[in-house]
2 protein chains.
Amino acid sequence: MSKKFVYLFSEGKSSMRELLGGKGANLAEMTNLGLPVPQGFTVSTEACTQYYEDGRKINKEIEEQIFAALAKIEKMYGKKFGDENDPLLVSVRSGARASMPGMMDTILNLGLNDKAVEGLAKKTGNPRFAYDSYRRFIQMFSDVVMEQSKKVYEEILDNIKNSKGYKSDTDLTADDLKEIVALFKQNYKKNQGVEFPQDPHTQLLEATKAVFRSWDNPRANVYRRMHDIPYSWGTAVNIQIMVFGNKGETSGTGVAFTRNPSTGEKGLFGEYLMNAQGEDVVAGIRTPKHITELKQQNEALYNQFLDICHTLENHYRDMQDMEFTIEEGKLYMLQTRNGKRTAKAALKIAVDLVNEGMIDEKQALCMIDPKQLDALLHPQFVAKALKDAKPLSSALPASPGAACGRIVFTAERACQIVEQDKKAKLILVRLETSPEDIEGMNVCQGVLTARGGMTSHAAVVARGMGTCCVSGCQDIKRIDEVKGEVLIKDKLLKEGDWMSLDGSTGNIYDCAIETEPASLTGDFKTIMDWSDKYRVLKVRTNADTPKDAAQAVKFGAEGIGLTRTEHMFFDADRIMAMREMIVSKNVDERKKALAKLLPMQKQDFKGIYEALEGRPATIRFLDPPLHEFVPHTDEEIKLLAKEMGLEFADLKSTIIGLHEFNPMMGHRGCRLSITYPEIAEMQTTAVIEAAIEVNREKGYNIVPEIMVPLVGDVKELKYVKDIIVKTADAIIAKEKANLKYMVGTMIEIPRAALTADKIAEEAQFFSFGTNDLTQMTFGFSRDDAGKFLGEYYEKKIFESDPFAKIDETGVGQLVELACEKGRKTRPDIKLGICGEHGGDPSTIAFCHRTGLTYVSCSPFRVPIARLAAAQAAIQHPRATK
Amino acid sequence: MSKKFVYLFSEGKSSMRELLGGKGANLAEMTNLGLPVPQGFTVSTEACTQYYEDGRKINKEIEEQIFAALAKIEKMYGKKFGDENDPLLVSVRSGARASMPGMMDTILNLGLNDKAVEGLAKKTGNPRFAYDSYRRFIQMFSDVVMEQSKKVYEEILDNIKNSKGYKSDTDLTADDLKEIVALFKQNYKKNQGVEFPQDPHTQLLEATKAVFRSWDNPRANVYRRMHDIPYSWGTAVNIQIMVFGNKGETSGTGVAFTRNPSTGEKGLFGEYLMNAQGEDVVAGIRTPKHITELKQQNEALYNQFLDICHTLENHYRDMQDMEFTIEEGKLYMLQTRNGKRTAKAALKIAVDLVNEGMIDEKQALCMIDPKQLDALLHPQFVAKALKDAKPLSSALPASPGAACGRIVFTAERACQIVEQDKKAKLILVRLETSPEDIEGMNVCQGVLTARGGMTSHAAVVARGMGTCCVSGCQDIKRIDEVKGEVLIKDKLLKEGDWMSLDGSTGNIYDCAIETEPASLTGDFKTIMDWSDKYRVLKVRTNADTPKDAAQAVKFGAEGIGLTRTEHMFFDADRIMAMREMIVSKNVDERKKALAKLLPMQKQDFKGIYEALEGRPATIRFLDPPLHEFVPHTDEEIKLLAKEMGLEFADLKSTIIGLHEFNPMMGHRGCRLSITYPEIAEMQTTAVIEAAIEVNREKGYNIVPEIMVPLVGDVKELKYVKDIIVKTADAIIAKEKANLKYMVGTMIEIPRAALTADKIAEEAQFFSFGTNDLTQMTFGFSRDDAGKFLGEYYEKKIFESDPFAKIDETGVGQLVELACEKGRKTRPDIKLGICGEHGGDPSTIAFCHRTGLTYVSCSPFRVPIARLAAAQAAIQHPRATK
């Protein structure tokens with residue numbers, strides 16, 4: 001038996017979403033519920049897959065099923081496709097499993113041709129309506145199916161209007177429209193080389209192909225990657241008999257939500273327009289009316305609509321977003337779906353639905369997209385203040401939140417100003433940022449850069465800090481640090497001028513716009529409390545400073561999963577000692593430099609322990625290649641040589657000696673502690689002494705977790721661990737302290753995962769460093785992959801960014817293997833993840849399934865991780881919590 | 001029961017080698033055979049391990065066992081340690097499982113002190129002998145046990161001799177020696193701060209510890225790494241009662257081989273010295289006599305010795321290397337072992353032993369170290385010609401073989417000269433080489449560089465070519481290409497001057513020394529024939545040129561496992577087209593440049609196919625990062641811009657745009673074909689057209705194997721394969737050819753191994769690229785690992801170079817996994833290895849056990865691989881051949 005590719009609405013149901021797409025499944029469900037739905041059929045997502053398998057062709061079998069379904073609809077309505085007297089007209093709409101903008105939208109009035117248009121005129125007694133429908137159809141078909149620019153058609157229309165002195169489309173007469181149709185068809189022929197297709201069956205097949213084709217257009221591909229929708233799903237096509245909202249003053253069309261999608265408040269929300277087709281509402285030529293006004297217009301119909309809304313919300317147990325048409329006083333439902341909503345609305349609706357007894361807590365948690373929470377965690381512009389502001393420019397929304405402050409051009413200047421005025425609000429404007437700018441970035445409200453993308457230094461660091469950042473602004477024509485001015489487009493701004501940034505949209509304003517802080521109470525708190533109730537995974541944070549640690553604790557972090565100790569060494573007052581350490585020629589020199597770093601590092605750790613209030617902290621030892629810390633230009637090297645009392649030539653040759661061909665695969669991580677054991681000694685001393693002191697001062701019982709990075713062989717870990725244990729035990733004995741500590745490792749080298757059973761003999765915990773693990777497993781570096789990843793997405797070789805969402809097939813296989821082997825050696829081994837993946841919901845679900853103990857992510861991702869962990873636990877219950 | 005750490009010779013046997021070391025096991029075996037062996041005991045290798053575990057201490061238990069064994073020896077010989085009348089004296093010698101130079105050698109006469117020396121004098125009636133023995137003991141003990149320089153002792157000795165006007169040590173009287181002993185002891189105290197130990201038991205324990213300690217000295221560590229001996233084996237210590245070869249003219253000492261270790265010829269070979277202790281034979285003060293002269297001296301003893309030799313060779317079924325001592329006319333055997341031999345001797349002995357019926361072919365194959373064959377595959381100096389030559393300098397033996405030619409300073413000049421005179425013999429002398437020099441290197445007999453180590457460009461390329469290379473010559477003070485001269489030490493050499501290089505020793509000669517080519521006949525051929533009879537693995541070669549391919553075929557290669565197509569693009573006449581291709585701004589420009597490369601590439605492949613005479617060839621598509629091909633200095637860029645008619649600034653910015661942070665993990669491999677499909681099209685065209693033409697011209701049935709590099713996901717392979725298949729099929733159809741071809745991939749990215757089941761859906765063969773796989777699995781690049789690998793070896797984190805010998809634990813795990821998964825999808829999948837590991841015998845054994853189809857290695861490793869594969873097959877029989 002052949003496969004069924006086409007389903008009448010009466011044959012489907014809402015659970016057939018994978019096959020029929022969201023729109024098709026819901027049209028079927030509404031049909032089943034007895035709601036007034038214009039009938040039709042859905043060409044399934046499997047037909048789409050088949051279309052691509054067949055080399056972008058609709059095969060005979062599918063074609064026959066389409067026409068068979070069409071025949072049933074013709075019979076149902078007693079109309080014929082292309083009929084000269086009363087033609088059947090249909091709409092063609094795409095409908096994937098998940099709602100997807102960027103794909104082909106809608107073709108209306110399909111089925112019209114030179115004869116059918118006469119039939120429609122005759123049947124409706126409205127030739128103007130008939131020809132208007134025909135010219136719209138030609139226009140849409142050319143645009144959407146033949147991918148010909150709309151512009152020419154609009155020009156033709158405007159020419160006619162101008163020549164006749166008309167102001168509005170409504171001034172056009174039936175004869176005008178006839179003339180326009182003729183011109184449109186001429187133009188179609190000129191462009192396509194063939195006549196406008198008169199056979200409605202041809203029209204239908206071409207429109208169906210256009211929908212399938214649009215599944216693979218660039219915008220759809222980008223959207224899918226951003227929203228993690230597999231290419232393999234495909235889209236369905238919905239073919240539905242036309243009803244007309246433009247048949248006069250008793251007809252109309254509209255959209256409505258059962259709750260307010262901005263605030264979440266219960267109650268009908270939406271708008272409609274009488275005597276209009278769908279596109280007119282969106283076009284904005286006429287101002288639509290609020291949905292409640294419909295009551296005055298037609299109370300019975302309004303009540304019928306209210307009833308339907310109620311039925312649908314109760315049926316789907318979620319806020320509905322519906323489209324309807326009124327044809328000559330009769331209501332038709334064209335679509336319903338769970339409505340998109342703001343983060344704030346999402347929380348309120350979820351909590352309200354539980355309070356209304358519609359759903360339970362678990363269902364409520366699962367209906368919120370964790371990524372949406374991000375918007376609630378950052379300061380926002382006060383809505384009223386933003387209303388009249390016009391952006392000067394716009395660039396990449398690199399780190400979310402709103403910021404308002406006075407412009408400053410260097411990190412040092414920012415620090416200076418804040419030192420004098422703790423309350424100063426600043427926006428740092430830079431060509432691009434570098435590690436030296438971190439301190440300055442930290443005291444600013446927002447950061448704007450002229451160069452760099454979403455993964456530039458500024459973007460990554462700002463996201464880590466939760467600081468608003470807009471990056472890669474191409475409108476910045478010039479930045480002059482010395483003069484203190486920046487030219488954006490034609491506008492010259494100076495230090496001290498006001499600027500506002502929206503890190504969620506990328507907008508840049510040359511004025512002050514009031515902001516308000518994030519609120520973590522109310523519905524937000526309720527959802528977080530429920531999340532904590534159901535989740536199994538613990539949630540820690542990646543934090544390098546007391547400030548970040550405190551922020552993360554506020555967001556519910558249960559400890560630190562990763563402190564990168566090197567980030568502390570970029571501070572202006574430390575980098576010199578760090579550089580001395582690096583260029584040391586022998587152990588004594590190195591120890592002397594390290595001795596300068598020790599008290600600073602110890603103070604860092606004390607600050608972090610205090611901010612954590614007794615929660616655990618995993619501290620990773622020095623990781624990056626040393627040359628990252630040293631200056632590279634001759635000028636900077638001269639300065640350093642002078643400050644250190646060294647010969648320039650000597651110092652330069654030392655620095656050149658640090659050069660690496662592939663720094664990512666060079667002298668870094670535990671390799672540093674193996675070649676320079678003094679570093680591990682100093683860092684152990686700082687970790688242990690700080691813990692002893694804070695435990696004494698605050699009465700905590702901190703158990704420091706020391707993490708050795710970049711281990712690939714158990715002997716590497718053993719070597720460094722021996723140094724740590726020897727150093728730590730000596731301090732503990734000397735201090736007569738009762739301190740426990742743990743030593744573990746990052747699993748970030750493929751070989752570490754492959755030999756995890758051996759490594760677990762020494763490691764008390766594993767933390768998966770999935771950034772490096774992804775780089776090594778794929779064999780490409782994040783910094784260099786930009787050169788080809790674009791092509792990879794375009795050619796469907798990758799569908800998602802492996803640095804954002806864990807690659808379960810490859811990298812995940814290593815993670816699972818390492819967990820299994822690690823537990824075999826040490827059943828109670830603590831397993832965590834601290835790569836950037838730790839804040840990604842789909843990765844969190846993977847971590848839950850794999851049985852990790854915790855995920856660790858940047859502070860601003862902690863609430864997202866809490867919710868995502870709860871969803872994972874609800875969807876994949878583990879034996880024990 | 002406590003562990004047994006000490007074994008009397010009479011308690012051991014030759015199969016206890018792991019426990020007793022080679023020397024100890026053989027002493028035991030000779031004892032069992034009833035041969036005259038001075039008795040003693042062996043402190044086992046387990047005692048050595050225990051010593052290290054206990055923090056470099058000999059524990060009570062071992063100490064007691066040592067003294068218990070000593071007591072038995074005392075009883076056996078009726079002598080007492082430290083006895084005033086007839087003291088027991090012993091020698092202490094190290095003895096690991098494998099023979100290992102670089103460790104502690106020997107201490108003789110242990111047991112002497114101020115009283116025992118008198119006893120010895122009394123008992124022997126020879127005070128001169130007694131005091132000479134004592135002073136030698138003090139000297140050896142100080143040197144070997146206390147690690148004090150011998151020099152001071154030699155000075156004292158010389159002072160006495162000078163003050164007395166003596167010419168030779170033999171002039172010293174007993175009283176002189178007494179005085180010397182006193183001075184030695186004084187000096188010992190001055191240096192060590194304590195008296196020379198008088199207690200023989202202390203002497204013995206200290207000497208034992210010194211042997212254990214020497215297991216971990218730097219020289220031993222380096223030797224172990226070179227010879228793949230695990231640190232964990234430890235060494236044994238042999239304590240044996242002294243016999244004296246220096247008791248007068250009826251005493252003596254010597255060494256002998258049962259066959260000639262240089263030529264392999266059967267018959268006693270060795271030398272001896274009467275009235276001497278072991279060290280005197282080596283010291284070279286007196287000229288030893290040929291062993292056969294012993295017959296005149298003492299025929300009975302000589303015959304007894306001949307008998308013993310015969311017994312031992314028959315017993316061990318291998319050529320024996322023996323040490324013996326004659327004490328007052330009585331023969332004692334001190335050691336026997338399988339003798340070290342030259343490559344030539346190794347082959348002859350193995351073949352002769354089979355012919356003599358002593359061993360079978362399999363045993364013969366297993367007794368040859370495959371690595372030794374290398375020496376036979378390259379030209380050698382004619383022994384007579386070399387005899388009087390004195391090296392001017394010496395540097396790193398970077399690529400084996402001997403070379404003699406006239407000096408030339410640039411690759412271009414070399415090519416020029418050879419163009420005019422095909423028979424010109426040249427030595428290329430460079431500061432260092434770069435890819436542009438390859439063509440020039442190829443026409444030279446040898447290469448000498450001032451900079452660079454064993455893995456420098458010159459070294460790697462020369463080894464690949466089988467060209468002699470000496471690298472990193474620090475005696476080169478100056479090279480002036482323009483003037484055409486080089487200053488080595490104080491010697492100025494000019495273009496056209498003769499130079500000879502020995503790539504096996506690193507010697508550099510400023511004269512012409514005649515060379516002779518390698519001979520692949522006789523014993524060599526016999527061994528290769530036997531190897532082919534028993535091996536299961538096929539052996540292919542890595543070759544990029546017809547010359548290399550022909551060389552490899554001569555060495556028995558069964559095809560090509562890897563042709564690196566990019567190596568062909570560095571030739572002077574091609575690099576320009578390659579660079580044009582790289583800096584192309586669009587597809588058309590790129591296709592134009594590729595069109596220039598196509599005929600050259602096709603010609604390359606035709607040459608290779610012809611050289612292979614119908615054998616299969618795997619051709620890898622373009623792999624390296626493109627920036628490797630472009631110039632980097634402004635000057636070179638200007639030149640290129642001029643040649644290409646481009647703006648310098650434009651071209652420079654294009655080249656800067658090619659920069660990568662981690663080129664190893666950047667835009668290379670199949671990523672190039674995905675971003676620039678035109679490259680794959682051109683290469684496919686060249687491969688297929690060349691095969692069709694050669695098949696037609698020669699009547700071969702070549703099935704080209706196209707290999708896509710650096711695949712990490714099946715979709716990458718699928719994408720490139722689609723291009724290959726489309727291009728190839730079109731050509732085959734157009735040419736109406738009946739050509740088959742295969743498409744496969746390198747497995748060199750961890751993710752490829754992890755997803756090999758999926759990749760095998762598209763790949764018809766896998767070839768393990770273990771160089772990259774090792775880099776990615778360990779997370780360090782070969783170019784950068786030098787910064788820390790030294791420390792890793794020193795700290796025993798690594799015991800062998802993972803780029804030379806495959807890391808079976810980690811990288812091997814991925815190889816096994818990939819084989820298993822690949823076979824699951826495609827049971828008949830062809831599996832090979834083409835990394836440099838492919839020529840390493842221990843890796844070949846791994847490949848055999850893992851069930852690969854073939855190994856591929858550089859042409860000069862092919863015979864090594866054939867033998868190693870045979871050894872693997874003999875040691876690990878597979879179910880089917």
# chains A, B, ... in the order shown; residues from 1 in each chain; ligands from 1

$ interface_residues --of "chain A" --to "chain B" --cutoff "7 Å" --atoms "only C-alpha atoms" --output "NGL selection string"
:A and (660-667 or 671 or 675 or 712 or 715-716 or 749-751 or 754-755 or 776-781 or 783-785 or 787-788 or 791 or 797 or 810)

$ residues_around --residues "Cys444 in chain A" --least-positions-apart "3" --cutoff "10 Å" --atoms "only C-alpha atoms" --output "short mmCIF file (atom, residue, chain, number, x, y, z; two decimals) with all heavy atoms, in the first residue's frame"
data_model
loop_
_atom_site.label_atom_id
_atom_site.label_comp_id
_atom_site.auth_asym_id
_atom_site.auth_seq_id
_atom_site.Cartn_x
_atom_site.Cartn_y
_atom_site.Cartn_z
N ALA A 403 21.14 49.81 29.19
CA ALA A 403 22.15 50.57 29.92
C ALA A 403 22.06 52.03 29.53
O ALA A 403 21.74 52.36 28.38
CB ALA A 403 23.55 50.05 29.59
N CYS A 404 22.34 52.89 30.49
CA CYS A 404 22.32 54.31 30.24
C CYS A 404 23.47 54.94 31.02
O CYS A 404 23.63 54.66 32.21
CB CYS A 404 20.97 54.86 30.69
SG CYS A 404 20.90 56.65 30.68
N GLY A 405 24.28 55.77 30.37
CA GLY A 405 25.39 56.38 31.10
C GLY A 405 26.11 57.38 30.23
O GLY A 405 25.72 57.63 29.08
N ARG A 406 27.18 57.91 30.81
CA ARG A 406 27.96 58.90 30.07
C ARG A 406 29.12 58.19 29.36
O ARG A 406 29.73 57.27 29.92
CB ARG A 406 28.52 59.95 31.03
CG ARG A 406 27.45 60.86 31.59
CD ARG A 406 28.03 61.87 32.56
NE ARG A 406 27.00 62.66 33.21
CZ ARG A 406 26.42 63.73 32.64
NH1 ARG A 406 26.79 64.12 31.43
NH2 ARG A 406 25.50 64.40 33.30
N ILE A 407 29.43 58.66 28.18
CA ILE A 407 30.44 57.99 27.36
C ILE A 407 31.84 58.13 27.95
O ILE A 407 32.21 59.20 28.45
CB ILE A 407 30.43 58.56 25.92
CG1 ILE A 407 29.10 58.22 25.25
CG2 ILE A 407 31.61 58.03 25.11
CD1 ILE A 407 28.92 58.88 23.90
N VAL A 408 32.61 57.04 27.91
CA VAL A 408 34.01 57.07 28.30
C VAL A 408 34.76 56.19 27.30
O VAL A 408 34.17 55.25 26.76
CB VAL A 408 34.16 56.61 29.78
CG1 VAL A 408 33.74 55.17 29.92
CG2 VAL A 408 35.55 56.83 30.29
N ALA A 411 39.27 52.06 29.53
CA ALA A 411 38.95 51.36 30.77
C ALA A 411 39.55 52.09 31.97
O ALA A 411 38.92 52.20 33.04
CB ALA A 411 39.48 49.93 30.69
N ALA A 414 37.45 54.99 32.93
CA ALA A 414 36.24 54.53 33.61
C ALA A 414 36.54 54.28 35.08
O ALA A 414 35.79 54.71 35.97
CB ALA A 414 35.71 53.26 32.94
N CYS A 415 37.65 53.59 35.36
CA CYS A 415 38.01 53.28 36.74
C CYS A 415 38.25 54.57 37.53
O CYS A 415 37.79 54.72 38.66
CB CYS A 415 39.25 52.39 36.79
SG CYS A 415 38.96 50.78 36.05
N VAL A 418 34.92 56.31 38.37
CA VAL A 418 34.15 55.60 39.39
C VAL A 418 34.83 55.72 40.75
O VAL A 418 34.17 55.73 41.79
CB VAL A 418 33.95 54.12 38.98
CG1 VAL A 418 33.36 53.31 40.11
CG2 VAL A 418 33.07 54.06 37.75
N ALA A 424 28.71 56.97 39.53
CA ALA A 424 28.78 57.36 38.12
C ALA A 424 28.25 56.25 37.23
O ALA A 424 28.53 55.07 37.45
CB ALA A 424 30.23 57.68 37.76
N LYS A 425 27.45 56.63 36.23
CA LYS A 425 26.94 55.66 35.24
C LYS A 425 27.70 55.89 33.93
O LYS A 425 27.72 57.01 33.42
CB LYS A 425 25.44 55.90 34.97
CG LYS A 425 24.58 55.85 36.21
CD LYS A 425 24.39 54.43 36.69
CE LYS A 425 23.61 54.39 38.00
NZ LYS A 425 24.06 53.29 38.88
N LEU A 426 28.32 54.84 33.43
CA LEU A 426 29.20 55.01 32.28
C LEU A 426 28.91 54.00 31.17
O LEU A 426 28.47 52.88 31.43
CB LEU A 426 30.67 54.84 32.71
CG LEU A 426 31.17 55.83 33.76
CD1 LEU A 426 32.56 55.42 34.25
CD2 LEU A 426 31.22 57.25 33.19
N ILE A 427 29.15 54.44 29.95
CA ILE A 427 29.12 53.54 28.78
C ILE A 427 30.52 53.57 28.18
O ILE A 427 31.03 54.63 27.82
CB ILE A 427 28.12 54.03 27.72
CG1 ILE A 427 26.70 54.15 28.28
CG2 ILE A 427 28.16 53.11 26.49
CD1 ILE A 427 25.98 52.85 28.50
N LEU A 428 31.15 52.38 28.10
CA LEU A 428 32.50 52.30 27.54
C LEU A 428 32.41 52.10 26.03
O LEU A 428 31.77 51.15 25.57
CB LEU A 428 33.26 51.14 28.18
CG LEU A 428 34.70 50.90 27.69
CD1 LEU A 428 35.61 52.07 28.01
CD2 LEU A 428 35.27 49.61 28.29
N GLU A 439 38.64 45.18 33.96
CA GLU A 439 38.32 45.94 35.17
C GLU A 439 37.43 47.14 34.81
O GLU A 439 36.44 47.42 35.49
CB GLU A 439 39.63 46.42 35.81
CG GLU A 439 39.53 46.60 37.29
CD GLU A 439 40.87 47.12 37.85
OE1 GLU A 439 41.90 46.98 37.16
OE2 GLU A 439 40.85 47.69 38.95
N GLY A 440 37.79 47.84 33.75
CA GLY A 440 37.00 48.98 33.33
C GLY A 440 35.60 48.59 32.89
O GLY A 440 34.62 49.26 33.21
N MET A 441 35.49 47.46 32.16
CA MET A 441 34.17 47.00 31.71
C MET A 441 33.28 46.74 32.90
O MET A 441 32.07 46.96 32.87
CB MET A 441 34.32 45.72 30.88
CG MET A 441 34.96 45.92 29.51
SD MET A 441 35.31 44.34 28.68
CE MET A 441 33.65 43.82 28.20
N VAL A 447 28.69 48.43 27.26
CA VAL A 447 29.87 48.49 26.41
C VAL A 447 29.41 48.52 24.95
O VAL A 447 28.53 47.76 24.56
CB VAL A 447 30.78 47.26 26.63
CG1 VAL A 447 31.98 47.31 25.70
CG2 VAL A 447 31.21 47.15 28.08
N THR A 467 26.77 42.32 31.87
CA THR A 467 26.77 43.73 31.47
C THR A 467 26.25 43.85 30.05
O THR A 467 26.60 43.06 29.18
CB THR A 467 28.22 44.28 31.54
OG1 THR A 467 28.66 44.19 32.89
CG2 THR A 467 28.26 45.74 31.10
N CYS A 468 25.42 44.86 29.85
CA CYS A 468 24.87 45.13 28.52
C CYS A 468 26.00 45.39 27.53
O CYS A 468 26.95 46.10 27.84
CB CYS A 468 23.95 46.34 28.63
SG CYS A 468 23.62 47.15 27.07
#

$ residues_around --residues "range 270-282 of chain A" --least-positions-apart "6" --cutoff "12 Å" --atoms "only C-alpha atoms" --output "NGL selection string"
:A and (91 or 105-109 or 129 or 132-133 or 136-137 or 140 or 169-170 or 242-262 or 288-295 or 297-298 or 302 or 309 or 320-329 or 334-335 or 339)

$ select_by_dssp --residues "range 103-309 of chain A" --states "strand (DSSP E or B)" --output "PyMOL selection string"
chain A and resi 106-110+235-241+252-259+266-274+289-290

$ atom_distance --atom1 "CA of Asp497 in chain B" --atom2 "CA of Glu436 in chain B"
24.1 Å

$ closest_atom_pairs --of "range 635-735 of chain B" --to "range 550-563 of chain B" --cutoff "12 Å" --atoms "only C-alpha atoms" --output "JSON lines"
{"residue": "B:Val687", "atom": "CA", "partner": "B:Thr563", "partner_atom": "CA", "distance": 11.4}
{"residue": "B:Ile702", "atom": "CA", "partner": "B:Gly559", "partner_atom": "CA", "distance": 10.8}
{"residue": "B:Val703", "atom": "CA", "partner": "B:Gly559", "partner_atom": "CA", "distance": 11.4}
{"residue": "B:Pro704", "atom": "CA", "partner": "B:Ile560", "partner_atom": "CA", "distance": 10.3}
{"residue": "B:Glu705", "atom": "CA", "partner": "B:Gly561", "partner_atom": "CA", "distance": 9.2}
{"residue": "B:Ile706", "atom": "CA", "partner": "B:Thr563", "partner_atom": "CA", "distance": 9.8}
{"residue": "B:Met707", "atom": "CA", "partner": "B:Leu562", "partner_atom": "CA", "distance": 8.5}
{"residue": "B:Val708", "atom": "CA", "partner": "B:Leu562", "partner_atom": "CA", "distance": 11.2}
{"residue": "B:Pro709", "atom": "CA", "partner": "B:Leu562", "partner_atom": "CA", "distance": 10.8}

$ write_last_selection --atoms "N, CA and C atoms" --output "CSV table (one decimal), in the first residue's frame"
chain,number,residue,atom,x,y,z
B,687,VAL,N,42.7,13.1,-11.0
B,687,VAL,CA,42.8,11.7,-10.6
B,687,VAL,C,42.2,10.8,-11.6
B,702,ILE,N,43.9,0.2,-13.0
B,702,ILE,CA,44.0,1.0,-11.8
B,702,ILE,C,42.6,1.4,-11.2
B,703,VAL,N,42.4,1.2,-9.9
B,703,VAL,CA,41.2,1.7,-9.3
B,703,VAL,C,41.5,2.8,-8.3
B,704,PRO,N,41.5,4.0,-8.7
B,704,PRO,CA,42.0,5.1,-7.8
B,704,PRO,C,41.2,5.1,-6.5
B,705,GLU,N,41.9,5.4,-5.5
B,705,GLU,CA,41.2,5.5,-4.1
B,705,GLU,C,41.3,7.0,-3.7
B,706,ILE,N,40.2,7.7,-3.7
B,706,ILE,CA,40.2,9.1,-3.4
B,706,ILE,C,40.0,9.3,-1.9
B,707,MET,N,40.8,10.0,-1.2
B,707,MET,CA,40.7,10.1,0.2
B,707,MET,C,40.4,11.5,0.6
B,708,VAL,N,39.4,11.7,1.4
B,708,VAL,CA,39.0,13.0,1.8
B,708,VAL,C,39.5,13.2,3.3
B,709,PRO,N,40.3,14.3,3.5
B,709,PRO,CA,41.0,14.4,4.8
B,709,PRO,C,40.2,15.2,5.8

$ atom_distance --atom1 "CA of Glu566 in chain A" --atom2 "CA of Ser399 in chain A"
22.7 Å

$ residues_around --residues "Gln39 in chain B" --least-positions-apart "6" --cutoff "7 Å" --atoms "only C-alpha atoms" --output "ChimeraX atom specification"
/B:9,240-241

$ select_by_dssp --residues "range 555-621 of chain A" --states "helix (DSSP H, G or I)" --output "MDAnalysis selection string"
chainID A and resid 565:570 572:583 587:612
